[in-house]
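A.B. asks: Before I ask anything, here is the structure I am working with.
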Amino acid sequence: MTNALSKLLETRDWLMADGATGTNLFNMGLTSGDAPEIWNDTHPENIKKLYSLAVESGSDIFLTNSFGGNASRLKLHDAQGRVRELNRLAAEIGRDVADAARRPVVVAGSVGPTGDIMEPVGTLSHAGAVEMFHEQAEGLKEGGADVLWLETISAPEEYKAAAEAFALADMPWVGTMSFDTAGRTMMGVTSADMAQMVEALPNPPLGFGANCGVGAADLLRTVLGFSAQGIERPIVAKGNAGIPKYHDGHIHYDGTPELMAEYAVMARDCGATIIGGCCGTMAEHLKAMRDALETRPRGERPTLEQITEKLGGFSSTSDGTGEAEAPKRERRGRRRA
């Protein structure tokens with residue numbers, strides 16, 4: 001299979017990824033407790049709209065609606081026997097959208113965590129995790145995904161199992177982790193730990209980085225941690241659109257398009273090559289991000305103080321690496337997205 005992402009990276013010094021999947025689908029009528037992946041079969045027109053919104057807003061890469069498409073997650077909906085089918089459908093819809101675009105667009109097959117804890121702490125074996133990830137990868141490959149995109153991973157053991165599975169599927173991949181616990185993943189991985197792990201993998205990803213987590217400021221602090229390792233591999237920054245707030249019975253993210261435009265430019269200046277949004281990131285955010293990346297020149301690598309000044313304070317005083325940090329600052333009031 002042609003490695004569309006590598007080809008695009010050869011021609012550009014930054015690429016824009018997409019925004020939120022869940023937030024957009026909830027706005028289309030998905031309800032809490034539903035499996036988004038089943039919509040690939042029952043509501044394909046909505047999934048096509050999701051992908052099209054990203055492309056029309058300037059994304060060079062969009063992720064398929066397959067984040068929870070592994071057997072363990074789908075078992076919660078009695079759909080564990082539909083892994084290959086639902087992932088194939090997710091990628092097929094994406095392939096149609098990308099092929100209809102008037103520019104190169106990469107279809108990235110989203111692969112999220114299994115939802116199980118791996119041995120020795122939990123019950124999921126390495127072989128079991130590899131099998132689950134491999135099954136999902138084969139479905140995405142069948143549907144025409146250009147690359148696989150591992151995201152929101154906390155445990156290094158799960159990241160390594162996915163890397164092995166993707167090698168079995170003979171697919172290029174990108175992999176991000178979520179740093180949401182005082183600068184570390186839930187399982188204690190720091191930015192430096194991840195960078196070193198990625199370089200030691202027998203089947204390393206095309207790019208690595210961070211997604212989701214807390215807010216945009218925290219994510220950029222993690223990106224700076226990656227950059228400090230001096231690794232010659234594209235870094236991914238896919239941060240949330242601000243901080244989630246509960247309002248009128250719904251979760252809203254307080255990041256404005258203006259804030260996400262600042263985040264996108266600062267992510268690029270921090271060393272990220274692939275820049276997108278995660279939870280709460282809508283079409284209007286993506287359009288502002290694309291415009292900023294195209295019109296604002298590169299700047300010096302921002303300091304922690306500059307990040308907090310533009311994006312608000314960090315959620316913790318440390319990024320987990322023990323290095324000196326800027327003080328936590330009060331977040332300024334912003335309009336809701």
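Identifiers in this document derive from the order of the structure tokens: chains are assigned A, B, ..., residues are numbered from 1 separately in each chain, and ligands are numbered from 1 in order of occurrence.
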Identify, on the basis of only C-alpha atoms, every residue whose closest approach to Gly22 of chain A does not exceed 12 Å; exclude the query and any residue fewer than 3 positions from it along the same chain; express the result as number ranges by chain.
C.D. replies: A: 19, 25-37, 39, 47, 50, 63-68, 251, 278-282
A.B. asks: DSSP on the backbone: what in segment 143-325 of chain A comes out strand (DSSP E or B), as a PyMOL selection string?
C.D. replies: chain A and resi 147-153+173-177+181+184+207-212+235-239+244-247+250-253+274-277
A.B. asks: So how far away is atom CA of Gly115 of chain A from atom CA of Ser72 of chain A, in Å?
C.D. replies: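 Value for the atom CA of Ser72 of chain A-atom CA of Gly115 of chain A distance: 6.9 Å.
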A.B. asks: Considering only C-alpha atoms, state which residue in the set A:Asn203, A:Asn24, A:Ser52, A:Asn70 is at the smallest distance from Ala167 of chain A.
C.D. replies: A:Asn203
A.B. asks: Closest to Ala101 of chain A among A:Ile38, A:Ala241, A:Met186, A:Leu53, using only C-alpha atoms?
C.D. replies: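 Between A:Ile38, A:Ala241, A:Met186, A:Leu53, the residue approaching Ala101 of chain A most closely is A:Leu53.
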A.B. asks: Any idea what's packed within 7 Å of Ile153 of chain A, counting only C-alpha atoms, ignoring anything in its chain fewer than 3 positions away? Could you give it as a list in words?
C.D. replies: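 So the residues in contact are Gly112, Pro113, Tyr159, Thr176, Met177 and Ser178 of chain A.
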A.B. asks: For the residues selected in the previous step, produce a file with N, CA and C atoms as a PDB file, in the first residue's frame.
C.D. replies:
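The result, written out as selection.pdb:
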```pdb
ATOM      1  N   GLY A 112      -8.053   3.003  19.265  1.00  0.00           N
ATOM      2  CA  GLY A 112      -7.963   3.444  20.649  1.00  0.00           C
ATOM      3  C   GLY A 112      -7.556   2.312  21.569  1.00  0.00           C
ATOM      4  N   PRO A 113      -7.467   2.563  22.858  1.00  0.00           N
ATOM      5  CA  PRO A 113      -7.092   1.519  23.815  1.00  0.00           C
ATOM      6  C   PRO A 113      -8.151   0.424  23.911  1.00  0.00           C
ATOM      7  N   TYR A 159       0.943   0.126  23.980  1.00  0.00           N
ATOM      8  CA  TYR A 159       1.550   0.783  22.819  1.00  0.00           C
ATOM      9  C   TYR A 159       2.428  -0.213  22.067  1.00  0.00           C
ATOM     10  N   THR A 176      -0.035   8.062  19.420  1.00  0.00           N
ATOM     11  CA  THR A 176       0.001   9.094  20.457  1.00  0.00           C
ATOM     12  C   THR A 176      -0.472   8.532  21.794  1.00  0.00           C
ATOM     13  N   MET A 177      -0.026   9.175  22.856  1.00  0.00           N
ATOM     14  CA  MET A 177      -0.452   8.830  24.207  1.00  0.00           C
ATOM     15  C   MET A 177      -1.127  10.052  24.819  1.00  0.00           C
ATOM     16  N   SER A 178      -1.873   9.841  25.892  1.00  0.00           N
ATOM     17  CA  SER A 178      -2.585  10.921  26.563  1.00  0.00           C
ATOM     18  C   SER A 178      -1.921  11.218  27.908  1.00  0.00           C
TER      19      SER A 178
END
```
A.B. asks: Pick from A:Leu148, A:Ala237, A:Val214, A:Val223: nearest to Gly255 of chain A, with only C-alpha atoms counted?
C.D. replies: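 Going through A:Leu148, A:Ala237, A:Val214, A:Val223 one by one, the smallest distance to Gly255 of chain A is for A:Val214.
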A.B. asks: Between A:Lys141, A:Arg268, A:His252, A:Lys245, which residue has the minimum interatomic distance to Arg298 of chain A, considering only C-alpha atoms?
C.D. replies: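 The shortest atom-to-atom distance to Arg298 of chain A comes from A:Arg268.
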A.B. asks: A:Arg84, A:Arg233, A:Lys75, A:Lys48: which is nearest Ser6 of chain A, counting only C-alpha atoms?
C.D. replies: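 Looking at the shortest contact to Ser6 of chain A, the residue is A:Arg233.
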A.B. asks: Determine, counting only C-alpha atoms, which protein, DNA and RNA residues have an atom within 10 Å of an atom of segment 218-221 of chain A; residues of the same chain fewer than 6 positions away are not included. Present the result as a PyMOL selection string.
C.D. replies: chain A and resi 178-180+182-183+191+209-212+227+237-240+263-264+266-272+302-304+307-308+311-316+318-319+325
A.B. asks: At what distance in Å, to one decimal, does atom CA of Glu300 of chain A lie from atom CA of Leu259 of chain A?
C.D. replies: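 Computing the Euclidean distance for atom CA of Leu259 of chain A and atom CA of Glu300 of chain A yields 18.8 Å.
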A.B. asks: When distances are computed from only C-alpha atoms, which of A:Leu89, A:Ala127, A:Leu168, A:Leu15 shows the smallest separation from Asp41 of chain A?
C.D. replies: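 Among A:Leu89, A:Ala127, A:Leu168, A:Leu15, it is A:Leu89 that comes nearest to Asp41 of chain A.
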A.B. asks: If you count only C-alpha atoms, which residues fall within 12 Å of Val198 of chain A, apart from same-chain ones fewer than 3 positions away, as a PyMOL selection string?
C.D. replies: chain A and resi 156-157+159-160+162-163+173-177+191-195+201-209+226+229+231-235
A.B. asks: Just list as a list in words whatever in segment 265-325 of chain A DSSP marks as helix (DSSP H, G or I).
C.D. replies: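 Answer for segment 265-325 of chain A restricted to helix (DSSP H, G or I) is Val265, Met266, Ala267, Arg268, Asp269, Cys270, Ala283, Glu284, His285, Leu286, Lys287, Ala288, Met289, Arg290, Asp291, Ala292, Leu293, Glu294, Thr295, Leu304, Glu305, Gln306, Ile307, Thr308, Glu309, Lys310 and Leu311 of chain A.
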A.B. asks: Write out, as a PDB file, in the first residue's frame, the residues just selected, with C-alpha atoms.
C.D. replies:
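Output saved as again.pdb:
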```
ATOM      1  CA  VAL A 265       0.893  28.106  15.729  1.00  0.00           C
ATOM      2  CA  MET A 266       2.554  27.516  19.095  1.00  0.00           C
ATOM      3  CA  ALA A 267       2.418  23.749  18.551  1.00  0.00           C
ATOM      4  CA  ARG A 268       4.267  24.194  15.281  1.00  0.00           C
ATOM      5  CA  ASP A 269       6.816  26.457  16.973  1.00  0.00           C
ATOM      6  CA  CYS A 270       7.222  23.945  19.825  1.00  0.00           C
ATOM      7  CA  ALA A 283     -15.061  22.844  12.124  1.00  0.00           C
ATOM      8  CA  GLU A 284     -14.813  26.494  13.159  1.00  0.00           C
ATOM      9  CA  HIS A 285     -11.755  25.696  15.263  1.00  0.00           C
ATOM     10  CA  LEU A 286     -10.097  23.811  12.409  1.00  0.00           C
ATOM     11  CA  LYS A 287     -10.676  26.658   9.955  1.00  0.00           C
ATOM     12  CA  ALA A 288      -9.062  29.139  12.349  1.00  0.00           C
ATOM     13  CA  MET A 289      -6.141  26.767  12.926  1.00  0.00           C
ATOM     14  CA  ARG A 290      -5.557  26.261   9.206  1.00  0.00           C
ATOM     15  CA  ASP A 291      -5.670  30.002   8.525  1.00  0.00           C
ATOM     16  CA  ALA A 292      -3.191  30.708  11.313  1.00  0.00           C
ATOM     17  CA  LEU A 293      -0.777  27.999  10.189  1.00  0.00           C
ATOM     18  CA  GLU A 294      -0.849  29.293   6.616  1.00  0.00           C
ATOM     19  CA  THR A 295      -0.580  33.010   7.337  1.00  0.00           C
ATOM     20  CA  LEU A 304       6.503  27.940  29.308  1.00  0.00           C
ATOM     21  CA  GLU A 305       5.688  31.485  30.370  1.00  0.00           C
ATOM     22  CA  GLN A 306       4.648  32.415  26.831  1.00  0.00           C
ATOM     23  CA  ILE A 307       2.444  29.318  26.599  1.00  0.00           C
ATOM     24  CA  THR A 308       0.582  30.197  29.794  1.00  0.00           C
ATOM     25  CA  GLU A 309       0.228  33.801  28.696  1.00  0.00           C
ATOM     26  CA  LYS A 310      -1.462  32.792  25.419  1.00  0.00           C
ATOM     27  CA  LEU A 311      -3.339  29.642  26.401  1.00  0.00           C
TER      28      LEU A 311
END
```
A.B. asks: Which residues, written as a ChimeraX atom specification, have at least one atom at most 9 Å from segment 105-110 of chain A, with only C-alpha atoms counted and residues fewer than 3 positions away on the same chain left out?
C.D. replies: /A:4-5,8,55,59-69,87,90-91,94-95,97-99,101-102,137,140-141,144-151,173-174
A.B. asks: Measure the distance from atom CA of Leu124 of chain A to atom CA of Glu158 of chain A in Å and round it to one decimal.
C.D. replies: 9.6 Å
